[in-house]
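K.L.:
Structure in structure tokens, see below.
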Amino acid sequence: MPERNLLFNCPYHHKIHCMKILVVDDERDIQTLFEQRFRKEIRDKALEFAFAFSGEDALSYLNRHEHEAVLILSDINMPGMSGLELLGHIKQKYLKPPPVVMMITAYGDADNFNMAKELGADDFLTKPVDFTLLKEKLKNIQ
């Protein structure tokens with residue numbers, strides 16, 4: 001992966017940098033889960049999370065905050081626009097700098113994995129999310 005500056009100013013404090021992560025999942029309890037598991041990182045302003053509960057909401061967010069999200073974590077299976085459709089839109093439109101996109105799925109099926117790889121997914125996680133593994137992956141992005 002090409003080296004690029006992945007740190008952006010947080011709105012909370014001008015001198016501290018943090019990574020902004022957009023989490024896209026139709027299960028609303030995912031927000032509470034991420035906020036609990038990343039409580040320290042959020043408090044320390046190392047990470048900032050935004051949440052969208054559909055692919056359509058995620059695109060709307062990205063249109064309003066185009067260069068803010070450095071990492072997008074998206075569920076594959078959602079009603080309406082699937083995570084795969086969202087991935088296709090992201091990889092076509094958001095090029096400079098391109099956000100890292102990790103796909104999350106409850107299914108380990110090869111079809112979704114292969115399709116996401118073809119569409120340009122950067123990485124994969126399975127549900128339930130292994131937060132220890134995710135934190136290690138985030139360290140490699142920063």
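Each chain of the structure tokens is named A, B, ... in the order shown, its residues numbered from 1; ligands are numbered from 1 in display order.
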Name the residues in contact with A:Ala50 at a cut-off of 10 Å, using only C-alpha atoms, excluding same-chain residues fewer than 6 positions from it; report them as an NGL selection string.
P.N.:
:A and (20-24 or 31 or 58 or 61 or 69 or 72)
K.L.:
Mind checking which residues fall within 9 Å of stretch 101-111 of chain A, counting only C-alpha atoms, ignoring those fewer than 5 positions away in the same chain, and posting them as an MDAnalysis selection string?
P.N.:
chainID A and resid 25 70:77 83:84 87 90:91 116 120:129
K.L.:
For the selection just defined, write its residues with C-alpha atoms to a file, as a PDB file, in the first residue's frame.
P.N.:
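Result file is result29.pdb:
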```
ATOM      1  CA  ASP A  25     -23.766  -1.407   9.646  1.00  0.00           C
ATOM      2  CA  VAL A  70      -9.483   7.516   6.561  1.00  0.00           C
ATOM      3  CA  LEU A  71     -10.922   4.072   7.201  1.00  0.00           C
ATOM      4  CA  ILE A  72     -14.342   2.694   6.365  1.00  0.00           C
ATOM      5  CA  LEU A  73     -15.547  -0.468   8.101  1.00  0.00           C
ATOM      6  CA  SER A  74     -18.597  -1.748   6.259  1.00  0.00           C
ATOM      7  CA  ASP A  75     -20.884  -4.693   6.801  1.00  0.00           C
ATOM      8  CA  ILE A  76     -21.465  -6.607   3.557  1.00  0.00           C
ATOM      9  CA  ASN A  77     -25.028  -7.770   4.182  1.00  0.00           C
ATOM     10  CA  GLY A  83     -21.732  -3.243   1.506  1.00  0.00           C
ATOM     11  CA  LEU A  84     -20.450  -4.538  -1.828  1.00  0.00           C
ATOM     12  CA  LEU A  87     -17.536  -0.489  -1.779  1.00  0.00           C
ATOM     13  CA  ILE A  90     -16.289   4.349  -2.733  1.00  0.00           C
ATOM     14  CA  LYS A  91     -13.526   2.887  -4.903  1.00  0.00           C
ATOM     15  CA  ALA A 116     -15.193  -7.655  -2.312  1.00  0.00           C
ATOM     16  CA  GLY A 120     -10.974  -3.308  -4.143  1.00  0.00           C
ATOM     17  CA  ALA A 121     -11.566  -4.136  -0.466  1.00  0.00           C
ATOM     18  CA  ASP A 122      -8.371  -3.558   1.488  1.00  0.00           C
ATOM     19  CA  ASP A 123      -9.074  -6.020   4.302  1.00  0.00           C
ATOM     20  CA  PHE A 124     -11.720  -8.203   5.917  1.00  0.00           C
ATOM     21  CA  LEU A 125     -13.187  -8.892   9.360  1.00  0.00           C
ATOM     22  CA  THR A 126     -15.802 -11.428  10.402  1.00  0.00           C
ATOM     23  CA  LYS A 127     -18.625 -11.036  12.899  1.00  0.00           C
ATOM     24  CA  PRO A 128     -18.501 -11.096  15.773  1.00  0.00           C
ATOM     25  CA  VAL A 129     -15.721  -8.537  15.375  1.00  0.00           C
TER      26      VAL A 129
END
```
K.L.:
Measuring atom to atom with only C-alpha atoms, identify which of A:Leu86, A:Met19, A:Met78, A:Ala46 is nearest to A:Leu62.
P.N.:
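The answer is A:Leu86, which sits nearest to A:Leu62.
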K.L.:
Based on the backbone DSSP call, show me all residues of stretch 21-63 of chain A assigned strand (DSSP E), as a list of chain:residue names.
P.N.:
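DSSP on the backbone gives strand (DSSP E) at A:Ile21, A:Leu22, A:Val23, A:Val24, A:Leu47, A:Glu48, A:Phe49, A:Ala50, A:Phe51, A:Ala52.
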K.L.:
So that I have them on file, write out the residues from the current selection with N, CA and C atoms, as a CSV table (one decimal), in the first residue's frame.
P.N.:
```csv
chain,number,residue,atom,x,y,z
A,21,ILE,N,-12.8,7.2,11.5
A,21,ILE,CA,-13.3,5.9,11.0
A,21,ILE,C,-14.8,6.0,10.9
A,22,LEU,N,-15.3,5.6,9.7
A,22,LEU,CA,-16.7,5.5,9.4
A,22,LEU,C,-17.1,4.0,9.5
A,23,VAL,N,-18.0,3.7,10.4
A,23,VAL,CA,-18.5,2.4,10.6
A,23,VAL,C,-19.9,2.3,9.9
A,24,VAL,N,-20.1,1.4,9.0
A,24,VAL,CA,-21.4,1.2,8.3
A,24,VAL,C,-22.0,-0.1,8.6
A,47,LEU,N,-8.7,8.1,18.1
A,47,LEU,CA,-9.6,7.7,17.1
A,47,LEU,C,-10.9,8.5,17.2
A,48,GLU,N,-11.5,8.7,16.1
A,48,GLU,CA,-12.8,9.4,16.1
A,48,GLU,C,-13.7,8.5,15.2
A,49,PHE,N,-14.9,8.2,15.7
A,49,PHE,CA,-15.8,7.4,14.9
A,49,PHE,C,-17.1,8.1,14.4
A,50,ALA,N,-17.5,7.8,13.2
A,50,ALA,CA,-18.8,8.2,12.7
A,50,ALA,C,-19.5,6.9,12.4
A,51,PHE,N,-20.9,7.0,12.4
A,51,PHE,CA,-21.6,5.8,12.2
A,51,PHE,C,-22.7,6.1,11.1
A,52,ALA,N,-22.9,5.1,10.2
A,52,ALA,CA,-23.9,5.2,9.2
A,52,ALA,C,-24.6,3.8,9.3
```
K.L.:
Using only C-alpha atoms, pick whichever of A:Glu56, A:Glu85, A:Glu136, A:Asp44 has the shortest atom-to-atom distance to A:Leu119.
P.N.:
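Selected residue with least distance to A:Leu119: A:Glu85.
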K.L.:
Could you jot down the atom CA of A:Asp26 to atom CA of A:Phe53 separation for me, Å, one decimal place?
P.N.:
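Atom CA of A:Phe53 lies 4.4 Å from atom CA of A:Asp26.
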K.L.:
Which one of A:Gly88, A:Glu41, A:Glu118, A:Ser54 sits closest to A:Lys139 if you count only C-alpha atoms?
P.N.:
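Result for the nearest residue to A:Lys139: A:Glu41.
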